[in-house]
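Text of my_file-v5.cif, listed as mmCIF, C-alpha atoms:
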data_input
loop_
_atom_site.group_PDB
_atom_site.id
_atom_site.type_symbol
_atom_site.label_atom_id
_atom_site.label_comp_id
_atom_site.auth_asym_id
_atom_site.auth_seq_id
_atom_site.Cartn_x
_atom_site.Cartn_y
_atom_site.Cartn_z
ATOM 1 C CA MET A 17 15.754 22.586 33.128
ATOM 2 C CA SER A 18 12.197 23.210 31.827
ATOM 3 C CA GLU A 19 13.558 25.113 28.812
ATOM 4 C CA GLN A 20 15.886 22.239 27.998
ATOM 5 C CA VAL A 21 12.958 19.828 28.102
ATOM 6 C CA ASP A 22 10.886 22.124 25.862
ATOM 7 C CA ASP A 23 13.773 22.381 23.361
ATOM 8 C CA PHE A 24 14.192 18.643 23.400
ATOM 9 C CA LEU A 25 10.469 18.068 22.838
ATOM 10 C CA GLU A 26 10.464 20.585 20.003
ATOM 11 C CA SER A 27 13.409 18.903 18.313
ATOM 12 C CA VAL A 28 11.717 15.500 18.627
ATOM 13 C CA GLU A 29 8.550 16.933 17.080
ATOM 14 C CA ARG A 30 10.568 18.491 14.243
ATOM 15 C CA GLN A 31 12.335 15.198 13.568
ATOM 16 C CA SER A 32 9.002 13.386 13.556
ATOM 17 C CA GLU A 33 7.602 15.835 10.991
ATOM 18 C CA ASP A 34 10.743 15.476 8.846
ATOM 19 C CA ARG A 35 10.424 11.696 8.878
ATOM 20 C CA SER A 36 6.740 11.957 8.010
ATOM 21 C CA ARG A 37 7.574 14.191 5.049
ATOM 22 C CA SER A 38 10.337 11.825 3.902
ATOM 23 C CA LEU A 39 7.901 8.924 4.010
ATOM 24 C CA GLU A 40 5.388 10.955 2.017
ATOM 25 C CA ARG A 41 8.024 11.767 -0.598
ATOM 26 C CA LEU A 42 9.016 8.102 -0.787
ATOM 27 C CA PHE A 43 5.450 7.001 -1.412
ATOM 28 C CA SER A 44 4.535 9.833 -3.747
ATOM 29 C CA ALA A 45 7.289 8.477 -5.989
ATOM 30 C CA ALA A 46 5.351 5.209 -6.003
ATOM 31 C CA ASP A 47 2.787 6.537 -8.427
ATOM 32 C CA ALA A 48 2.630 6.009 -12.139
ATOM 33 C CA GLU A 49 6.385 5.569 -12.598
ATOM 34 C CA LYS A 50 6.361 2.527 -10.336
ATOM 35 C CA VAL A 51 3.210 1.013 -11.857
ATOM 36 C CA PHE A 52 4.283 1.304 -15.490
ATOM 37 C CA SER A 53 7.720 0.317 -16.671
ATOM 38 C CA GLN A 54 9.883 2.254 -19.073
ATOM 39 C CA PRO A 55 8.929 1.421 -22.685
ATOM 40 C CA PHE A 56 11.028 -1.284 -24.276
ATOM 41 C CA THR A 57 11.299 -1.131 -28.072
ATOM 42 C CA SER A 58 12.199 -4.049 -30.283
ATOM 43 C CA GLY A 59 11.776 -3.558 -34.001
ATOM 44 C CA GLU A 60 8.317 -2.177 -34.665
ATOM 45 C CA TYR A 61 6.988 -3.158 -31.267
ATOM 46 C CA THR A 62 7.055 -1.210 -28.024
ATOM 47 C CA VAL A 63 6.199 -2.993 -24.786
ATOM 48 C CA ILE A 64 5.259 -1.421 -21.456
ATOM 49 C CA THR A 65 4.549 -3.608 -18.448
ATOM 50 C CA ALA A 66 1.956 -2.661 -15.876
ATOM 51 C CA ALA A 67 2.187 -3.887 -12.298
ATOM 52 C CA GLU A 68 0.253 -3.558 -9.103
ATOM 53 C CA VAL A 69 2.409 -2.160 -6.317
ATOM 54 C CA GLY A 70 1.684 -1.776 -2.674
ATOM 55 C CA GLY A 71 3.429 -1.300 0.597
ATOM 56 C CA GLY A 72 3.674 0.584 3.767
ATOM 57 C CA GLY A 73 5.957 1.874 6.375
ATOM 58 C CA GLY A 74 6.075 3.644 9.632
ATOM 59 C CA PHE A 75 8.248 4.808 12.423
ATOM 60 C CA GLY A 76 7.958 5.435 16.068
ATOM 61 C CA SER A 77 9.946 7.071 18.775
ATOM 62 C CA GLY A 78 9.752 7.447 22.465
ATOM 63 C CA MET A 79 11.493 9.179 25.285
ATOM 64 C CA GLY A 80 11.385 9.525 28.985
ATOM 65 C CA PHE A 81 12.644 11.631 31.814
ATOM 66 C CA GLY A 82 13.415 10.591 35.292
ATOM 67 C CA PRO A 83 15.681 10.957 38.246
ATOM 68 C CA GLY A 84 19.268 9.829 38.106
ATOM 69 C CA ARG A 85 20.273 6.347 39.116
ATOM 70 C CA THR A 86 18.853 5.753 42.550
ATOM 71 C CA GLY A 87 21.522 5.050 45.087
ATOM 72 C CA LEU A 88 24.378 6.441 42.980
ATOM 73 C CA ASP A 89 23.577 10.011 41.915
ATOM 74 C CA HIS A 90 21.023 10.503 44.648
ATOM 75 C CA PRO A 91 21.846 8.330 47.644
ATOM 76 C CA ALA A 92 18.814 7.402 49.714
ATOM 77 C CA GLY A 93 18.423 9.582 52.725
ATOM 78 C CA ALA A 94 20.960 12.126 51.526
ATOM 79 C CA GLU A 95 18.481 15.002 51.627
ATOM 80 C CA GLU A 96 17.226 14.048 55.042
ATOM 81 C CA ALA A 97 20.763 14.011 56.286
ATOM 82 C CA GLY A 98 21.180 17.574 55.041
ATOM 83 C CA ALA A 99 23.728 16.708 52.369
ATOM 84 C CA SER A 100 23.741 19.037 49.373
ATOM 85 C CA VAL A 101 22.604 17.301 46.193
ATOM 86 C CA ASP A 102 23.458 18.654 42.741
ATOM 87 C CA SER A 103 20.057 19.031 41.027
ATOM 88 C CA SER A 104 21.546 18.841 37.515
ATOM 89 C CA ARG A 105 22.812 15.336 38.279
ATOM 90 C CA LEU A 106 19.335 14.190 39.283
ATOM 91 C CA ALA A 107 17.804 14.477 35.851
ATOM 92 C CA GLY A 108 18.028 11.632 33.399
ATOM 93 C CA ALA A 109 16.575 11.419 29.930
ATOM 94 C CA GLY A 110 16.519 8.785 27.276
ATOM 95 C CA GLY A 111 14.933 8.209 23.954
ATOM 96 C CA GLY A 112 14.892 5.944 20.979
ATOM 97 C CA GLY A 113 13.185 5.325 17.732
ATOM 98 C CA GLY A 114 12.809 2.905 14.937
ATOM 99 C CA GLY A 115 11.020 2.307 11.728
ATOM 100 C CA GLY A 116 10.287 -0.244 9.120
ATOM 101 C CA GLY A 117 8.438 -0.894 5.948
ATOM 102 C CA GLY A 118 7.886 -3.174 3.049
ATOM 103 C CA SER A 119 6.516 -3.258 -0.432
ATOM 104 C CA MET A 120 5.261 -5.729 -3.020
ATOM 105 C CA GLY A 121 4.717 -5.757 -6.735
ATOM 106 C CA ARG A 122 2.857 -8.048 -9.104
ATOM 107 C CA PRO A 123 2.734 -7.849 -12.892
ATOM 108 C CA VAL A 124 -0.790 -7.294 -14.194
ATOM 109 C CA ALA A 125 -0.552 -6.732 -17.925
ATOM 110 C CA ALA A 126 1.729 -5.989 -20.831
ATOM 111 C CA ILE A 127 0.862 -3.169 -23.203
ATOM 112 C CA VAL A 128 2.070 -3.884 -26.711
ATOM 113 C CA VAL A 129 2.171 -1.060 -29.226
ATOM 114 C CA GLY A 130 2.782 -2.363 -32.723
ATOM 115 C CA PRO A 131 1.869 -1.757 -36.335
ATOM 116 C CA ASP A 132 -1.496 -3.495 -35.737
ATOM 117 C CA GLY A 133 -2.439 -1.108 -32.966
ATOM 118 C CA VAL A 134 -2.320 -1.123 -29.182
ATOM 119 C CA GLU A 135 -3.004 -4.353 -27.304
ATOM 120 C CA VAL A 136 -3.320 -4.946 -23.560
ATOM 121 C CA LYS A 137 -2.280 -8.525 -22.791
ATOM 122 C CA PRO A 138 -3.266 -9.687 -19.294
ATOM 123 C CA LEU A 139 -0.737 -11.692 -17.308
ATOM 124 C CA PHE A 140 -1.810 -14.633 -15.161
ATOM 125 C CA ASP A 141 -0.122 -15.379 -11.866
ATOM 126 C CA LEU A 142 -0.781 -19.113 -11.762
ATOM 127 C CA THR A 143 0.728 -19.540 -8.301
ATOM 128 C CA LYS A 144 -1.656 -16.976 -6.844
ATOM 129 C CA ILE A 145 -4.649 -18.524 -8.652
ATOM 130 C CA GLY A 146 -3.624 -22.021 -7.564
ATOM 131 C CA LEU A 147 -3.297 -20.937 -3.933
ATOM 132 C CA ALA A 148 -6.682 -19.193 -4.094
ATOM 133 C CA ALA A 149 -8.288 -22.342 -5.567
ATOM 134 C CA LEU A 150 -6.680 -24.500 -2.912
ATOM 135 C CA THR A 151 -7.894 -22.207 -0.121
ATOM 136 C CA ALA A 152 -11.417 -21.813 -1.505
ATOM 137 C CA PHE A 153 -12.098 -25.430 -2.401
ATOM 138 C CA GLY A 154 -10.144 -26.763 0.571
ATOM 139 C CA GLY A 155 -12.408 -24.765 2.864
ATOM 140 C CA LEU A 156 -15.425 -25.969 0.909
ATOM 141 C CA ALA A 157 -14.293 -29.598 1.236
ATOM 142 C CA VAL A 158 -13.872 -29.221 5.017
ATOM 143 C CA LEU A 159 -17.354 -27.691 5.241
ATOM 144 C CA ALA A 160 -18.840 -30.490 3.089
ATOM 145 C CA VAL A 161 -17.225 -33.200 5.225
ATOM 146 C CA LYS A 162 -18.515 -31.532 8.401
ATOM 147 C CA THR A 163 -22.082 -31.113 7.135
ATOM 148 C CA LEU A 164 -22.253 -34.594 5.530
ATOM 149 C CA GLY A 165 -20.619 -36.163 8.583
ATOM 150 C CA LYS A 166 -23.447 -34.920 10.815
ATOM 151 C CA ARG A 167 -25.975 -37.279 9.135
ATOM 152 C CA MET B 167 -2.339 17.266 -26.008
ATOM 153 C CA PRO B 168 -5.367 19.103 -24.612
ATOM 154 C CA GLY B 169 -7.879 17.142 -22.562
ATOM 155 C CA ILE B 170 -5.896 13.912 -22.278
ATOM 156 C CA ASN B 171 -5.156 14.404 -18.566
ATOM 157 C CA GLY B 172 -8.294 16.427 -17.877
ATOM 158 C CA ASP B 173 -9.786 14.236 -15.144
ATOM 159 C CA MET B 174 -6.587 13.627 -13.191
ATOM 160 C CA ASP B 175 -6.543 14.418 -9.473
ATOM 161 C CA ASP B 176 -4.267 16.900 -7.785
ATOM 162 C CA PRO B 177 -1.743 14.825 -5.795
ATOM 163 C CA GLY B 178 -0.829 17.792 -3.584
ATOM 164 C CA GLU B 179 -4.404 18.204 -2.382
ATOM 165 C CA SER B 180 -4.914 14.495 -1.679
ATOM 166 C CA ARG B 181 -1.589 14.275 0.195
ATOM 167 C CA ARG B 182 -3.179 15.997 3.192
ATOM 168 C CA ARG B 183 -6.049 13.521 3.686
ATOM 169 C CA THR B 184 -6.021 10.372 5.837
ATOM 170 C CA LEU B 185 -7.383 8.226 3.039
ATOM 171 C CA SER B 186 -6.869 9.459 -0.467
ATOM 172 C CA MET B 187 -7.598 7.963 -3.842
ATOM 173 C CA THR B 188 -6.008 9.583 -6.847
ATOM 174 C CA THR B 189 -5.851 8.926 -10.548
ATOM 175 C CA VAL B 190 -2.422 9.718 -11.920
ATOM 176 C CA ALA B 191 -1.179 9.710 -15.489
ATOM 177 C CA SER B 192 2.314 8.702 -16.524
ATOM 178 C CA PRO B 193 4.227 10.774 -19.058
ATOM 179 C CA ALA B 194 2.990 10.125 -22.595
ATOM 180 C CA ILE B 195 4.851 7.498 -24.601
ATOM 181 C CA GLU B 196 5.258 8.063 -28.331
ATOM 182 C CA ALA B 197 5.415 4.925 -30.460
ATOM 183 C CA GLY B 198 5.299 5.789 -34.131
ATOM 184 C CA ALA B 199 2.056 7.600 -34.902
ATOM 185 C CA VAL B 200 0.499 6.464 -31.634
ATOM 186 C CA THR B 201 0.697 8.222 -28.273
ATOM 187 C CA VAL B 202 -0.019 6.121 -25.197
ATOM 188 C CA VAL B 203 -0.742 7.634 -21.794
ATOM 189 C CA PRO B 204 -0.808 5.027 -18.999
ATOM 190 C CA VAL B 205 -3.098 5.914 -16.097
ATOM 191 C CA CYS B 206 -2.989 4.405 -12.623
ATOM 192 C CA ARG B 207 -5.116 4.570 -9.512
ATOM 193 C CA THR B 208 -3.467 5.000 -6.131
ATOM 194 C CA VAL B 209 -4.863 4.623 -2.647
ATOM 195 C CA VAL B 210 -2.879 6.061 0.244
ATOM 196 C CA LEU B 211 -3.776 5.585 3.899
ATOM 197 C CA ARG B 212 -2.029 7.736 6.484
ATOM 198 C CA LEU B 213 -2.252 6.689 10.111
ATOM 199 C CA GLY B 214 -0.088 8.999 12.173
ATOM 200 C CA PRO B 215 3.531 8.196 11.437
ATOM 201 C CA ALA B 216 2.577 5.229 9.240
ATOM 202 C CA VAL B 217 1.747 5.358 5.543
ATOM 203 C CA PHE B 218 0.281 2.553 3.436
ATOM 204 C CA PHE B 219 -0.128 2.760 -0.297
ATOM 205 C CA TRP B 220 -1.568 0.658 -3.083
ATOM 206 C CA ALA B 221 -1.333 1.491 -6.759
ATOM 207 C CA ARG B 222 -2.764 -0.395 -9.678
ATOM 208 C CA PRO B 223 -2.907 0.272 -13.401
ATOM 209 C CA LYS B 224 -6.311 1.567 -14.462
ATOM 210 C CA GLU B 225 -6.265 2.189 -18.180
ATOM 211 C CA ILE B 226 -4.285 3.484 -21.090
ATOM 212 C CA ARG B 227 -5.316 6.371 -23.249
ATOM 213 C CA VAL B 228 -4.442 5.899 -26.877
ATOM 214 C CA VAL B 229 -4.282 8.882 -29.213
ATOM 215 C CA ARG B 230 -4.024 8.409 -32.971
ATOM 216 C CA GLY B 231 -4.545 11.925 -34.180
ATOM 217 C CA GLY B 232 -8.172 12.099 -33.021
ATOM 218 C CA PRO B 233 -9.702 11.985 -29.562
ATOM 219 C CA ALA B 234 -8.174 9.772 -26.862
ATOM 220 C CA GLU B 235 -9.433 6.188 -26.774
ATOM 221 C CA ARG B 236 -9.566 4.536 -23.348
ATOM 222 C CA VAL B 237 -8.432 0.931 -23.058
ATOM 223 C CA PRO B 238 -9.052 -0.525 -19.584
ATOM 224 C CA ILE B 239 -6.421 -2.738 -17.953
ATOM 225 C CA ILE B 240 -8.130 -5.716 -16.360
ATOM 226 C CA ASP B 241 -6.343 -7.595 -13.592
ATOM 227 C CA MET B 242 -7.177 -11.159 -14.662
ATOM 228 C CA THR B 243 -5.401 -12.784 -11.710
ATOM 229 C CA ARG B 244 -7.473 -10.759 -9.252
ATOM 230 C CA SER B 245 -10.687 -11.416 -11.225
ATOM 231 C CA VAL B 246 -10.088 -15.192 -11.268
ATOM 232 C CA GLN B 247 -9.265 -15.124 -7.539
ATOM 233 C CA ALA B 248 -12.463 -13.204 -6.791
ATOM 234 C CA ALA B 249 -14.498 -15.603 -8.947
ATOM 235 C CA LEU B 250 -13.042 -18.632 -7.163
ATOM 236 C CA PHE B 251 -13.819 -17.197 -3.730
ATOM 237 C CA ALA B 252 -17.327 -16.197 -4.860
ATOM 238 C CA ILE B 253 -18.048 -19.726 -6.184
ATOM 239 C CA ALA B 254 -16.720 -21.259 -2.964
ATOM 240 C CA ALA B 255 -18.812 -18.850 -0.859
ATOM 241 C CA VAL B 256 -21.997 -19.667 -2.847
ATOM 242 C CA CYS B 257 -21.365 -23.425 -2.621
ATOM 243 C CA GLY B 258 -20.524 -23.125 1.088
ATOM 244 C CA GLY B 259 -23.675 -21.135 1.694
ATOM 245 C CA PHE B 260 -25.750 -23.733 -0.158
ATOM 246 C CA LEU B 261 -24.209 -26.588 1.865
ATOM 247 C CA ALA B 262 -24.743 -24.750 5.150
ATOM 248 C CA PHE B 263 -28.334 -23.895 4.223
ATOM 249 C CA ARG B 264 -29.070 -27.542 3.314
ATOM 250 C CA ALA B 265 -27.566 -28.812 6.544
ATOM 251 C CA TRP B 266 -29.578 -26.254 8.538
ATOM 252 C CA GLY B 267 -32.800 -27.234 6.718
ATOM 253 C CA LYS B 268 -32.263 -30.926 7.399
ATOM 254 C CA GLU B 269 -31.489 -30.250 11.055
ATOM 255 C CA LYS B 270 -34.717 -28.263 11.339
ATOM 256 C CA THR B 271 -36.942 -30.985 9.819
ATOM 257 C CA SER B 272 -35.458 -33.861 11.847
#
In structure tokens, how does this file's structure come out?
Amino acid sequence: MSEQVDDFLESVERQSEDRSRSLERLFSAADAEKVFSQPFTSGEYTVITAAEVGGGGGFGSGMGFGPGRTGLDHPAGAEEAGASVDSSRLAGAGGGGGGGGGSMGRPVAAIVVGPDGVEVKPLFDLTKIGLAALTAFGGLAVLAVKTLGKR
Amino acid sequence: MPGINGDMDDPGESRRRTLSMTTVASPAIEAGAVTVVPVCRTVVLRLGPAVFFWARPKEIRVVRGGPAERVPIIDMTRSVQAALFAIAAVCGGFLAFRAWGKEKTS
């Protein structure tokens, strides 16, 4: 029984390491190839887009051991009554696992290679800037109303 | 192209740390007589079975026969956002300081 538990624990540990390595491989691929696009050529110009990428992921698993279903596999008072109980039927084990993750990307700049040279053209995310302005000055307005209202 | 990727980090070495920051170069792109090497900066945080990563473009290295010229990539959206929050924080601080001063004198 103890050997079976050890084997089971070992296999769980191995699986956990495998998943960890897979996750590492997934995110190591998120280096330069994910940040810079493939070059796109049109006439004399070549354009490469640069983006900020981010994300994360994880997994978890759990397991437990315990006696069999009380009252079915191991009727209460059976041992006291001298009834023989099959020890292999007493053990119960269960486990489960799950994982999840997400990622985001945002264009930052376009690199234009042309006959005039190499240019880095920044890209503006107006929605993000607008939301930041709304948050910053909204908070400021609330603070101003509170401080002026105290007079 | 000797020296163009000279200061790049070893991704294998950094892969073993909890928090690692690496500078990685993309394969060189040839466009006419110009060679462009995009460089990005990655931050990876490992917390047990969870991994978080963030990568942003850092610069491009342009080679036109001579030594590599570095052209930084500036994230204007992030800069404007930071400027807005900084202005709001300064103004908020000023308002709070004024209110505190008036409360003290009265």
Care to translate the PyMOL selection byres ((chain B) within 9 of (chain A)) into actual residues of this file, as a count of residues only? 54
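Taking atom CA of B:Trp266 as the reference point, atom CA of A:Gly165 is found at 13.4 Å.
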Box for stretch 188-199 of chain B - axis-aligned, 3 Å on each of the six sides, all listed atoms - centre and size in Å to one decimal, as AutoDock Vina command-line options.
--center_x -0.3 --center_y 7.8 --center_z -20.9 --size_x 17.4 --size_y 11.8 --size_z 34.1
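You will find atom CA of B:Pro233 at 11.1 Å from atom CA of B:Thr201.
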